[in-house]
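What's in work.txt: compact mmCIF, C-alpha atoms and all ligand atoms
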# COMPACT_ATOMS: atom_id res chain seq x y z
CA MET U 160 83.15 149.39 117.91
CA THR U 161 84.33 152.79 119.14
CA LEU U 162 82.16 155.02 121.30
CA ILE U 163 80.50 157.86 119.45
CA TYR U 164 79.78 161.17 121.18
CA PRO U 165 77.63 164.02 119.84
CA ASN U 166 79.67 166.79 118.24
CA ILE U 167 79.03 170.51 118.09
CA PHE U 168 77.00 170.24 114.86
CA SER U 169 74.43 168.04 116.60
CA ILE U 170 73.29 171.15 118.48
CA LEU U 171 71.99 172.47 115.16
CA PHE U 172 69.58 169.54 114.97
CA ILE U 173 68.22 169.69 118.52
CA MET U 174 65.20 171.75 117.42
CA SER U 175 64.16 169.46 114.57
CA LYS U 176 62.44 166.10 114.94
CA PHE U 177 64.34 164.43 112.10
CA LEU U 178 67.95 164.47 111.02
CA ILE U 179 68.32 163.30 107.41
CA ASN U 180 71.45 162.38 105.51
CA ILE U 181 71.04 162.61 101.72
CA ASN U 182 74.07 161.42 99.79
CA GLY U 183 76.39 162.53 102.58
CA GLU U 184 74.82 165.89 103.45
CA HIS U 185 72.71 166.48 106.54
CA PHE U 186 69.34 168.26 106.58
CA ASP U 187 66.39 168.78 108.89
CA GLU U 188 62.91 167.75 107.76
CA SER U 189 62.06 171.14 106.27
CA SER U 190 65.04 171.20 103.94
CA ALA U 191 65.51 167.50 103.03
CA LYS U 192 64.52 167.00 99.37
CA ILE U 193 65.01 164.33 96.71
CA SER U 194 64.33 164.50 92.98
CA VAL U 195 60.90 163.63 91.53
CA PHE U 196 62.93 161.48 89.09
CA ASP U 197 64.27 159.30 91.88
CA ARG U 198 63.28 155.70 91.01
CA GLY U 199 62.32 155.01 94.60
CA PHE U 200 59.67 157.72 94.19
CA LEU U 201 58.70 156.77 90.61
CA PHE U 202 58.52 152.97 91.00
CA GLY U 203 59.34 151.93 94.56
CA ASP U 204 62.66 150.87 92.99
CA SER U 205 64.65 150.87 96.20
CA VAL U 206 65.64 148.76 99.18
CA TYR U 207 65.74 149.77 102.81
CA GLU U 208 66.61 148.86 106.35
CA SER U 209 65.21 150.05 109.65
CA THR U 210 67.52 149.92 112.60
CA ARG U 211 68.25 151.75 115.80
CA THR U 212 70.97 152.75 118.21
CA PHE U 213 71.26 151.73 121.84
CA ASN U 214 73.14 154.51 123.63
CA ARG U 215 74.69 155.74 120.33
CA HIS U 216 75.79 152.22 119.32
CA PRO U 217 74.17 151.06 116.07
CA PHE U 218 72.39 147.73 116.53
CA ARG U 219 73.95 145.00 114.35
CA LEU U 220 74.94 147.52 111.67
CA SER U 221 77.00 145.15 109.56
CA LEU U 222 74.12 142.64 109.45
CA HIS U 223 71.70 145.40 108.44
CA ILE U 224 74.03 146.47 105.64
CA GLU U 225 74.48 142.82 104.59
CA ARG U 226 70.67 142.49 104.39
CA LEU U 227 70.43 145.76 102.43
CA PHE U 228 72.85 144.32 99.88
CA ALA U 229 71.02 140.96 99.84
CA SER U 230 67.74 142.81 99.13
CA ALA U 231 69.50 144.83 96.39
CA LEU U 232 70.75 141.61 94.78
CA LYS U 233 67.20 140.18 94.78
CA ILE U 234 65.97 143.14 92.70
CA GLN U 235 69.17 143.29 90.61
CA LEU U 236 70.08 146.71 91.96
CA ASN U 237 73.85 147.03 91.70
CA PRO U 238 74.96 149.26 94.57
CA THR U 239 77.16 152.13 93.39
CA LEU U 240 78.29 152.58 97.01
CA SER U 241 80.31 150.05 98.99
CA LYS U 242 79.18 148.57 102.31
CA GLU U 243 81.96 150.55 104.01
CA GLU U 244 80.79 153.83 102.43
CA ILE U 245 77.26 153.20 103.66
CA ALA U 246 78.48 152.28 107.18
CA THR U 247 80.58 155.47 107.25
CA GLN U 248 77.53 157.60 106.41
CA VAL U 249 75.44 155.85 109.08
CA LEU U 250 78.13 156.48 111.72
CA LYS U 251 78.45 160.13 110.64
CA THR U 252 74.72 160.62 111.04
CA ILE U 253 74.74 159.03 114.51
CA GLU U 254 77.55 161.42 115.40
CA GLN U 255 75.53 164.42 114.21
CA SER U 256 72.39 163.38 116.07
CA PRO U 257 71.64 165.05 119.40
CA HIS U 258 69.94 161.83 120.64
CA GLN U 259 71.30 158.68 122.31
CA ASP U 260 68.67 156.25 121.04
CA ILE U 261 67.58 156.82 117.47
CA PHE U 262 65.49 155.05 114.88
CA MET U 263 67.25 154.95 111.50
CA ARG U 264 65.81 154.19 108.09
CA ILE U 265 68.56 153.51 105.56
CA ILE U 266 67.21 153.77 102.01
CA LEU U 267 69.13 152.94 98.85
CA THR U 268 67.32 153.82 95.63
CA ARG U 269 68.45 152.82 92.15
CA GLY U 270 69.01 156.53 91.50
CA ASN U 271 67.56 159.38 89.48
CA ASN U 272 66.08 158.51 86.07
CA SER U 273 67.00 160.57 83.03
CA ASP U 274 63.52 159.82 81.61
CA LEU U 275 60.28 158.19 82.74
CA GLY U 276 60.93 154.66 81.42
CA LEU U 277 61.37 151.51 83.51
CA ASP U 278 64.79 150.59 82.09
CA PRO U 279 67.23 150.51 85.05
CA GLU U 280 69.94 151.73 82.65
CA LEU U 281 68.20 155.11 82.69
CA SER U 282 69.31 155.62 86.27
CA SER U 283 72.36 157.41 87.54
CA ALA U 284 74.26 156.58 90.71
CA ASN U 285 72.20 155.34 93.68
CA ASN U 286 70.72 157.76 96.18
CA LEU U 287 71.47 156.95 99.82
CA ILE U 288 69.06 158.50 102.29
CA ILE U 289 69.29 157.95 106.04
CA ILE U 290 66.33 159.28 108.01
CA THR U 291 66.70 159.40 111.79
CA LYS U 292 64.60 160.48 114.74
CA GLU U 293 64.67 159.91 118.46
CA ILE U 294 63.21 156.50 119.23
CA SER U 295 60.23 156.44 121.56
CA PRO U 296 59.98 153.68 124.15
CA ASN U 297 57.24 151.08 123.51
CA PRO U 298 53.91 152.19 125.05
CA GLU U 299 53.38 150.49 128.43
CA TRP U 300 50.03 148.96 127.43
CA TRP U 301 51.80 146.76 124.86
CA LEU U 302 53.28 144.77 127.74
CA SER U 303 50.37 145.07 130.17
CA HIS U 304 47.60 144.19 127.67
CA GLY U 305 49.24 142.91 124.48
CA LEU U 306 48.29 143.64 120.88
CA SER U 307 45.29 142.56 118.85
CA MET U 308 45.78 141.44 115.25
CA ILE U 309 43.69 140.31 112.28
CA PHE U 310 44.53 137.88 109.47
CA TYR U 311 45.09 139.31 105.98
CA GLN U 312 45.07 137.12 102.88
CA LYS U 313 47.90 138.21 100.59
CA GLN U 314 46.98 138.66 96.90
CA ASN U 315 50.53 138.42 95.80
CA SER U 316 52.48 135.78 97.64
CA PRO U 317 55.99 135.11 96.48
CA SER U 318 57.72 132.34 98.39
CA GLY U 319 61.20 132.42 99.83
CA SER U 320 63.02 134.98 101.92
CA LEU U 321 61.75 138.39 100.79
CA PRO U 322 63.76 141.49 99.84
CA LYS U 323 63.11 144.55 101.97
CA SER U 324 62.18 146.59 98.92
CA GLY U 325 60.66 150.07 98.87
CA ASN U 326 57.38 148.59 97.59
CA TYR U 327 55.24 147.87 100.66
CA GLN U 328 51.89 148.23 98.85
CA GLU U 329 50.44 144.93 100.06
CA ASN U 330 51.71 145.46 103.61
CA ILE U 331 50.09 148.91 103.58
CA MET U 332 46.75 147.36 102.49
CA ALA U 333 47.03 144.74 105.25
CA HIS U 334 47.87 147.36 107.88
CA LYS U 335 45.02 149.58 106.71
CA ALA U 336 42.58 146.63 106.97
CA ALA U 337 43.78 146.04 110.55
CA LEU U 338 43.39 149.68 111.55
CA SER U 339 39.89 149.80 110.09
CA GLN U 340 39.00 146.88 112.43
CA LYS U 341 40.64 148.66 115.38
CA ALA U 342 43.41 146.06 115.51
CA TYR U 343 47.09 146.91 115.92
CA ASP U 344 48.22 145.11 112.78
CA ALA U 345 47.62 142.18 110.44
CA ILE U 346 49.20 138.74 110.26
CA MET U 347 49.63 138.17 106.53
CA VAL U 348 48.70 134.78 105.10
CA ASN U 349 50.22 133.37 101.88
CA GLY U 350 48.56 131.55 98.97
CA GLN U 351 49.08 128.16 100.71
CA GLY U 352 47.18 129.36 103.77
CA PHE U 353 50.28 129.79 105.97
CA ALA U 354 50.82 132.82 108.18
CA THR U 355 53.96 134.66 107.09
CA GLU U 356 54.59 137.78 109.19
CA GLY U 357 53.15 141.05 110.42
CA THR U 358 53.29 144.02 108.04
CA THR U 359 56.57 145.23 109.59
CA SER U 360 57.40 142.43 112.03
CA ASN U 361 57.95 138.69 112.32
CA ILE U 362 55.35 136.49 114.01
CA TRP U 363 55.88 133.78 116.63
CA ILE U 364 53.79 131.43 118.74
CA ILE U 365 54.52 129.31 121.80
CA LYS U 366 52.75 125.94 122.10
CA ASN U 367 53.45 123.35 124.81
CA GLY U 368 56.73 125.06 125.75
CA VAL U 369 58.10 125.21 122.18
CA VAL U 370 58.61 128.50 120.31
CA TYR U 371 57.66 128.44 116.60
CA THR U 372 58.07 130.94 113.77
CA PRO U 373 57.35 130.45 110.05
CA PRO U 374 60.27 129.40 107.82
CA LEU U 375 61.62 132.00 105.35
CA ILE U 376 60.42 129.84 102.45
CA ASP U 377 56.81 130.72 103.33
CA GLY U 378 57.52 134.30 102.17
CA VAL U 379 59.08 135.97 105.19
CA LEU U 380 61.64 138.73 105.66
CA GLU U 381 64.59 137.41 107.64
CA GLY U 382 64.20 139.80 110.57
CA LEU U 383 67.36 140.58 112.48
CA THR U 384 65.45 140.35 115.75
CA ARG U 385 64.32 136.88 114.57
CA LYS U 386 67.93 136.01 113.72
CA THR U 387 69.12 137.30 117.11
CA ILE U 388 66.53 135.14 118.94
CA PHE U 389 67.88 132.07 117.09
CA GLU U 390 71.45 133.04 118.12
CA MET U 391 70.65 133.67 121.80
CA PRO U 392 71.26 131.01 124.44
CA ARG U 393 68.06 128.95 124.34
CA VAL U 394 65.48 129.76 127.01
CA TYR U 395 62.98 127.43 125.27
CA PRO U 396 63.29 125.11 122.28
CA ILE U 397 62.81 127.09 119.04
CA GLN U 398 61.73 125.71 115.69
CA GLU U 399 60.81 127.00 112.25
CA LYS U 400 57.43 125.61 111.22
CA SER U 401 54.71 126.64 108.77
CA LEU U 402 51.80 127.98 110.80
CA THR U 403 48.14 127.87 109.81
CA ARG U 404 45.55 130.34 111.06
CA GLN U 405 44.34 127.54 113.38
CA ASP U 406 47.85 127.05 114.86
CA ILE U 407 47.90 130.71 115.80
CA LEU U 408 44.38 130.80 117.23
CA GLU U 409 45.11 127.68 119.32
CA ALA U 410 48.56 128.84 120.51
CA ASP U 411 49.34 129.24 124.21
CA GLU U 412 51.11 132.54 123.47
CA CYS U 413 51.85 134.73 120.47
CA PHE U 414 54.21 137.65 119.89
CA ILE U 415 55.77 139.80 117.18
CA THR U 416 59.37 140.96 116.79
CA SER U 417 61.12 143.87 115.10
CA THR U 418 64.33 145.82 115.66
CA THR U 419 62.51 148.91 116.84
CA ARG U 420 59.95 147.13 119.07
CA ASN U 421 61.90 144.08 120.34
CA LEU U 422 59.29 141.42 121.37
CA VAL U 423 55.66 142.46 121.86
CA PRO U 424 52.93 140.07 123.08
CA VAL U 425 49.85 139.48 120.91
CA THR U 426 46.80 138.62 123.03
CA LYS U 427 43.96 138.59 120.50
CA VAL U 428 43.71 137.53 116.84
CA GLU U 429 40.46 138.31 115.00
CA SER U 430 38.06 138.00 117.96
CA THR U 431 39.86 135.03 119.59
CA PRO U 432 41.89 135.54 122.77
CA ILE U 433 45.28 133.81 122.54
CA GLY U 434 45.87 131.51 125.53
CA ASN U 435 44.32 133.20 128.54
CA GLY U 436 44.10 136.50 126.65
CA LYS U 437 46.94 138.06 128.69
CA PRO U 438 50.58 138.72 127.66
CA GLY U 439 52.27 135.32 127.93
CA VAL U 440 54.66 134.71 130.81
CA ASN U 441 57.08 132.85 128.54
CA THR U 442 56.98 135.72 126.03
CA LEU U 443 57.86 138.20 128.79
CA GLU U 444 60.67 135.91 129.97
CA LEU U 445 62.03 135.74 126.41
CA LEU U 446 61.82 139.52 126.13
CA LYS U 447 63.92 139.84 129.29
CA SER U 448 66.57 137.45 127.95
CA TYR U 449 66.52 139.20 124.56
CA LEU U 450 67.14 142.63 126.11
CA GLN U 451 69.99 141.23 128.19
CA PHE U 452 71.54 139.57 125.14
CA VAL U 453 71.13 142.65 122.96
CA GLY U 454 72.56 144.82 125.73
CA GLN U 455 75.75 142.77 125.54
CA LYS U 456 75.75 142.72 121.71
CA ALA U 457 75.19 146.45 121.43
CA VAL U 458 78.55 147.26 122.96
CA PHE U 459 80.64 145.72 120.21
N1 LIG Y 1 60.30 146.31 109.67
N2 LIG Y 1 58.97 141.61 108.42
C1 LIG Y 1 58.77 142.77 107.75
C2 LIG Y 1 57.85 142.77 106.57
C3 LIG Y 1 59.41 143.94 108.17
O1 LIG Y 1 59.22 145.10 107.51
C4 LIG Y 1 60.26 143.90 109.33
C5 LIG Y 1 60.97 145.13 109.83
C6 LIG Y 1 60.43 142.68 109.99
C7 LIG Y 1 61.31 142.55 111.21
O2 LIG Y 1 62.67 142.73 110.87
P1 LIG Y 1 63.75 143.25 111.93
O3 LIG Y 1 63.72 142.31 113.12
O4 LIG Y 1 65.04 143.15 111.21
O5 LIG Y 1 63.38 144.65 112.30
C8 LIG Y 1 59.78 141.54 109.50
C9 LIG Y 1 60.84 147.54 110.17
C10 LIG Y 1 60.54 147.75 111.59
C11 LIG Y 1 60.32 148.67 109.33
O6 LIG Y 1 59.76 148.40 108.28
O7 LIG Y 1 60.49 149.81 109.71

Show me the file's structure as structure tokens.
Ligand code: PDD
Amino acid sequence: MTLIYPNIFSILFIMSKFLININGEHFDESSAKISVFDRGFLFGDSVYESTRTFNRHPFRLSLHIERLFASALKIQLNPTLSKEEIATQVLKTIEQSPHQDIFMRIILTRGNNSDLGLDPELSSANNLIIITKEISPNPEWWLSHGLSMIFYQKQNSPSGSLPKSGNYQENIMAHKAALSQKAYDAIMVNGQGFATEGTTSNIWIIKNGVVYTPPLIDGVLEGLTRKTIFEMPRVYPIQEKSLTRQDILEADECFITSTTRNLVPVTKVESTPIGNGKPGVNTLELLKSYLQFVGQKAVF
């Protein structure tokens, strides 16, 4: 991976919060527009990735693009752009950004429809939209106090590793339910009664020194933070295991993971404190090892 420095054009974007690449052209938030006939807008017919940079280096970009293509395959969206073309656009946008550490949403929609019907054949070439903004550090209270979560019973619970599609309706409902109960987020539960994931994160517990996370088959997105934790040198034994609500409530520690948030302790679920109700020491130790590992990864 070569080092990327800001170029003169990035100065143009210093005043705006967002820098947005639409099909290869850069815009700020006031001028970025897509068609009302875009199928992502009409039907949620799109796939996406959220990733970030560390010091202008994209985090695991090829894996994010692999997952974008795997999601596309799951919804039979045939990309009209190659992986290399998408990577080139991502790198161009990083180059144009005035910021070192940015959040990036990479969206690939099936394209603009020529009519209102569902038939995918009505669509043109894909639209590639990359939305970026400076990433904010995690609030300090996340580590000092931990998050509180609720459980949310999914209505629709497909099994197997999920596509990261543009349709997050059920996750939105779960998140809304959590906010209305003054919780940070919801742990979604599938039709078999197993916890799957947060609405935009993977879920983990630690019990008797072993780290557990639900298997993909329970209806889980294969998070790249999750994948990275499995690849890291083992601090503790790690296993995939279906988790019931009870397993979570009786855990010694609990935490969530996502690319933008790393590992964040969960200290309360519904009204039950997890463990001693404080961010778990093993969770914080894992976070430290994760950041060290990612620090090394981010440079190549
Ligand atoms: N969300 N599960 C779901 C449903 C997600 O949406 C995400 C990511 C994850 C964690 O994946 P990763 O470790 O690759 O970030 C798990 C991102 C943050 C988002 O939607 O913006």

Next item on the list: Tell me which of U:Leu236, U:Ile365, U:Ala231, U:Ile388 sits closest to ligand LIG 1 (chain Y), counting all atoms listed in the file.
Entry: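 That would be U:Ile388, the residue with the smallest distance to ligand LIG 1 (chain Y).
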
Notebook entry, point to check: Neighbours of ligand LIG 1 (chain Y) within 8 Å, counting only C-alpha atoms and all ligand atoms, as a ChimeraX atom specification?
Noted result: /U:208-210,223,264,323,330,356-361,379-386,416-421

Notebook entry, point to check: What does the distance between CA of Asn435 in chain U and CA of Arg393 in chain U come to in Å, to one decimal place?
Noted result: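 Answer for the CA of Asn435 in chain U to CA of Arg393 in chain U separation: 24.5 Å.
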
Next item on the list: Have a look at U:Pro217, U:Gly439, U:Gly183, U:Gly305 and name the one nearest to Ile245 in chain U; count only C-alpha atoms.
Entry: U:Gly183

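Around Leu306 in chain U, within 9 Å and counting only C-alpha atoms, the residues found are Trp300, Trp301, Leu302, Ala342, Tyr343, Asp344, Phe414, Val423, Pro424, Val425, Thr426, Lys427, Val428 and Pro438 of chain U, once anything fewer than 4 positions away on its own chain is removed.
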
Restricting the output to C-alpha atoms, write the selected residues as a PDB file, keeping the file's coordinate frame.
ATOM      1  CA  TRP U 300      50.030 148.960 127.430  1.00  0.00           C
ATOM      2  CA  TRP U 301      51.800 146.760 124.860  1.00  0.00           C
ATOM      3  CA  LEU U 302      53.280 144.770 127.740  1.00  0.00           C
ATOM      4  CA  ALA U 342      43.410 146.060 115.510  1.00  0.00           C
ATOM      5  CA  TYR U 343      47.090 146.910 115.920  1.00  0.00           C
ATOM      6  CA  ASP U 344      48.220 145.110 112.780  1.00  0.00           C
ATOM      7  CA  PHE U 414      54.210 137.650 119.890  1.00  0.00           C
ATOM      8  CA  VAL U 423      55.660 142.460 121.860  1.00  0.00           C
ATOM      9  CA  PRO U 424      52.930 140.070 123.080  1.00  0.00           C
ATOM     10  CA  VAL U 425      49.850 139.480 120.910  1.00  0.00           C
ATOM     11  CA  THR U 426      46.800 138.620 123.030  1.00  0.00           C
ATOM     12  CA  LYS U 427      43.960 138.590 120.500  1.00  0.00           C
ATOM     13  CA  VAL U 428      43.710 137.530 116.840  1.00  0.00           C
ATOM     14  CA  PRO U 438      50.580 138.720 127.660  1.00  0.00           C
TER      15      PRO U 438
END

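For the pair CA of Glu293 in chain U and CA of Arg211 in chain U, the separation is 9.3 Å.
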
Note to self: Quick check, in Å to one decimal: how far apart do CA of Phe262 in chain U and CA of Ile346 in chain U lie?
What the structure shows: 23.5 Å

Margin query: So that I can see what lies close to range 398-412 of chain U, please list as a ChimeraX atom specification the residues with an atom at most 8 Å from it, counting all atoms listed in the file and leaving out residues fewer than 6 positions away in the same chain.
Written below: /U:310,352-355,364-367,369-374,377,424-426,428,431-435,438-439,441-442

Next item on the list: Find the residues around Gly319 in chain U up to 6 Å (all atoms listed in the file counted), leave out those fewer than 3 positions away in its own chain, and share them as an NGL selection string.
Entry: :U and (375-378)

Expected file: the selected residues, C-alpha atoms, as a JSON list (two decimals), keeping the file's coordinate frame:
[["chain", "number", "residue", "atom", "x", "y", "z"],
["U", 375, "LEU", "CA", 61.62, 132.00, 105.35],
["U", 376, "ILE", "CA", 60.42, 129.84, 102.45],
["U", 377, "ASP", "CA", 56.81, 130.72, 103.33],
["U", 378, "GLY", "CA", 57.52, 134.30, 102.17]]

Notebook entry, point to check: Which residue out of U:Pro257, U:Pro317, U:Pro396, U:Pro238 has the minimum interatomic distance to Ala284 in chain U when all atoms listed in the file are used?
Noted result: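 Checking each candidate against Ala284 in chain U, we get U:Pro238 as the closest.
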
Next item on the list: Would you list the contacts of Phe452 in chain U as an MDAnalysis selection string, taking every protein, DNA or RNA residue within 10 Å and counting all atoms listed in the file, but skipping same-chain residues closer than 2 positions in sequence?
Entry: chainID U and resid 387:388 390:392 446:450 454:457

Would you save range 188-198 of chain U to a file, keeping all heavy atoms, as a compact mmCIF listing (two decimals), in the first residue's frame?
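File produced: out.txt:
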# COMPACT_ATOMS: atom_id res chain seq x y z
N GLU U 188 -21.82 18.16 0.22
CA GLU U 188 -23.18 17.68 0.53
C GLU U 188 -24.28 18.52 -0.10
O GLU U 188 -25.40 18.03 -0.29
CB GLU U 188 -23.40 17.55 2.05
CG GLU U 188 -23.22 18.81 2.86
CD GLU U 188 -21.79 18.98 3.37
OE1 GLU U 188 -20.85 18.51 2.68
OE2 GLU U 188 -21.61 19.61 4.41
N SER U 189 -23.98 19.78 -0.43
CA SER U 189 -25.06 20.59 -1.00
C SER U 189 -25.26 20.30 -2.48
O SER U 189 -26.33 20.54 -3.03
CB SER U 189 -24.79 22.08 -0.77
OG SER U 189 -23.58 22.40 -1.41
N SER U 190 -24.25 19.75 -3.12
CA SER U 190 -24.41 19.54 -4.57
C SER U 190 -24.50 18.06 -4.97
O SER U 190 -24.75 17.75 -6.13
CB SER U 190 -23.27 20.23 -5.33
OG SER U 190 -22.04 19.79 -4.80
N ALA U 191 -24.33 17.14 -4.01
CA ALA U 191 -24.38 15.70 -4.36
C ALA U 191 -25.83 15.28 -4.58
O ALA U 191 -26.67 15.45 -3.71
CB ALA U 191 -23.78 14.88 -3.22
N LYS U 192 -26.13 14.75 -5.75
CA LYS U 192 -27.52 14.36 -6.08
C LYS U 192 -27.51 13.04 -6.84
O LYS U 192 -26.65 12.80 -7.67
CB LYS U 192 -28.16 15.40 -7.02
CG LYS U 192 -28.20 16.84 -6.50
CD LYS U 192 -29.45 17.12 -5.70
CE LYS U 192 -29.57 18.56 -5.25
NZ LYS U 192 -28.58 19.01 -4.31
N ILE U 193 -28.54 12.19 -6.55
CA ILE U 193 -28.73 11.01 -7.40
C ILE U 193 -30.17 11.04 -7.92
O ILE U 193 -31.03 11.73 -7.37
CB ILE U 193 -28.44 9.67 -6.67
CG1 ILE U 193 -29.33 9.52 -5.44
CG2 ILE U 193 -26.98 9.51 -6.32
CD1 ILE U 193 -29.53 8.08 -5.06
N SER U 194 -30.43 10.23 -8.94
CA SER U 194 -31.74 10.24 -9.58
C SER U 194 -32.81 9.64 -8.68
O SER U 194 -32.55 8.69 -7.93
CB SER U 194 -31.64 9.40 -10.87
OG SER U 194 -32.93 9.07 -11.32
N VAL U 195 -34.06 10.15 -8.79
CA VAL U 195 -35.18 9.53 -8.07
C VAL U 195 -35.49 8.14 -8.65
O VAL U 195 -36.23 7.38 -8.04
CB VAL U 195 -36.47 10.38 -8.11
CG1 VAL U 195 -36.30 11.65 -7.30
CG2 VAL U 195 -36.90 10.68 -9.54
N PHE U 196 -34.93 7.81 -9.82
CA PHE U 196 -35.14 6.49 -10.41
C PHE U 196 -34.05 5.50 -10.02
O PHE U 196 -34.03 4.37 -10.48
CB PHE U 196 -35.25 6.59 -11.95
CG PHE U 196 -36.53 7.29 -12.35
CD1 PHE U 196 -36.52 8.62 -12.73
CD2 PHE U 196 -37.74 6.62 -12.29
CE1 PHE U 196 -37.69 9.27 -13.06
CE2 PHE U 196 -38.91 7.27 -12.61
CZ PHE U 196 -38.90 8.60 -13.00
N ASP U 197 -33.14 5.94 -9.16
CA ASP U 197 -32.12 5.00 -8.68
C ASP U 197 -32.81 3.90 -7.89
O ASP U 197 -33.65 4.16 -7.02
CB ASP U 197 -31.10 5.73 -7.79
CG ASP U 197 -30.11 4.75 -7.23
OD1 ASP U 197 -29.13 4.47 -7.92
OD2 ASP U 197 -30.33 4.24 -6.11
N ARG U 198 -32.46 2.63 -8.17
CA ARG U 198 -33.15 1.50 -7.52
C ARG U 198 -32.83 1.39 -6.04
O ARG U 198 -33.60 0.81 -5.28
CB ARG U 198 -32.83 0.20 -8.25
CG ARG U 198 -33.49 0.12 -9.61
CD ARG U 198 -33.11 -1.16 -10.31
NE ARG U 198 -33.62 -2.34 -9.65
CZ ARG U 198 -34.74 -2.99 -10.01
NH1 ARG U 198 -35.47 -2.56 -11.02
NH2 ARG U 198 -35.12 -4.07 -9.35
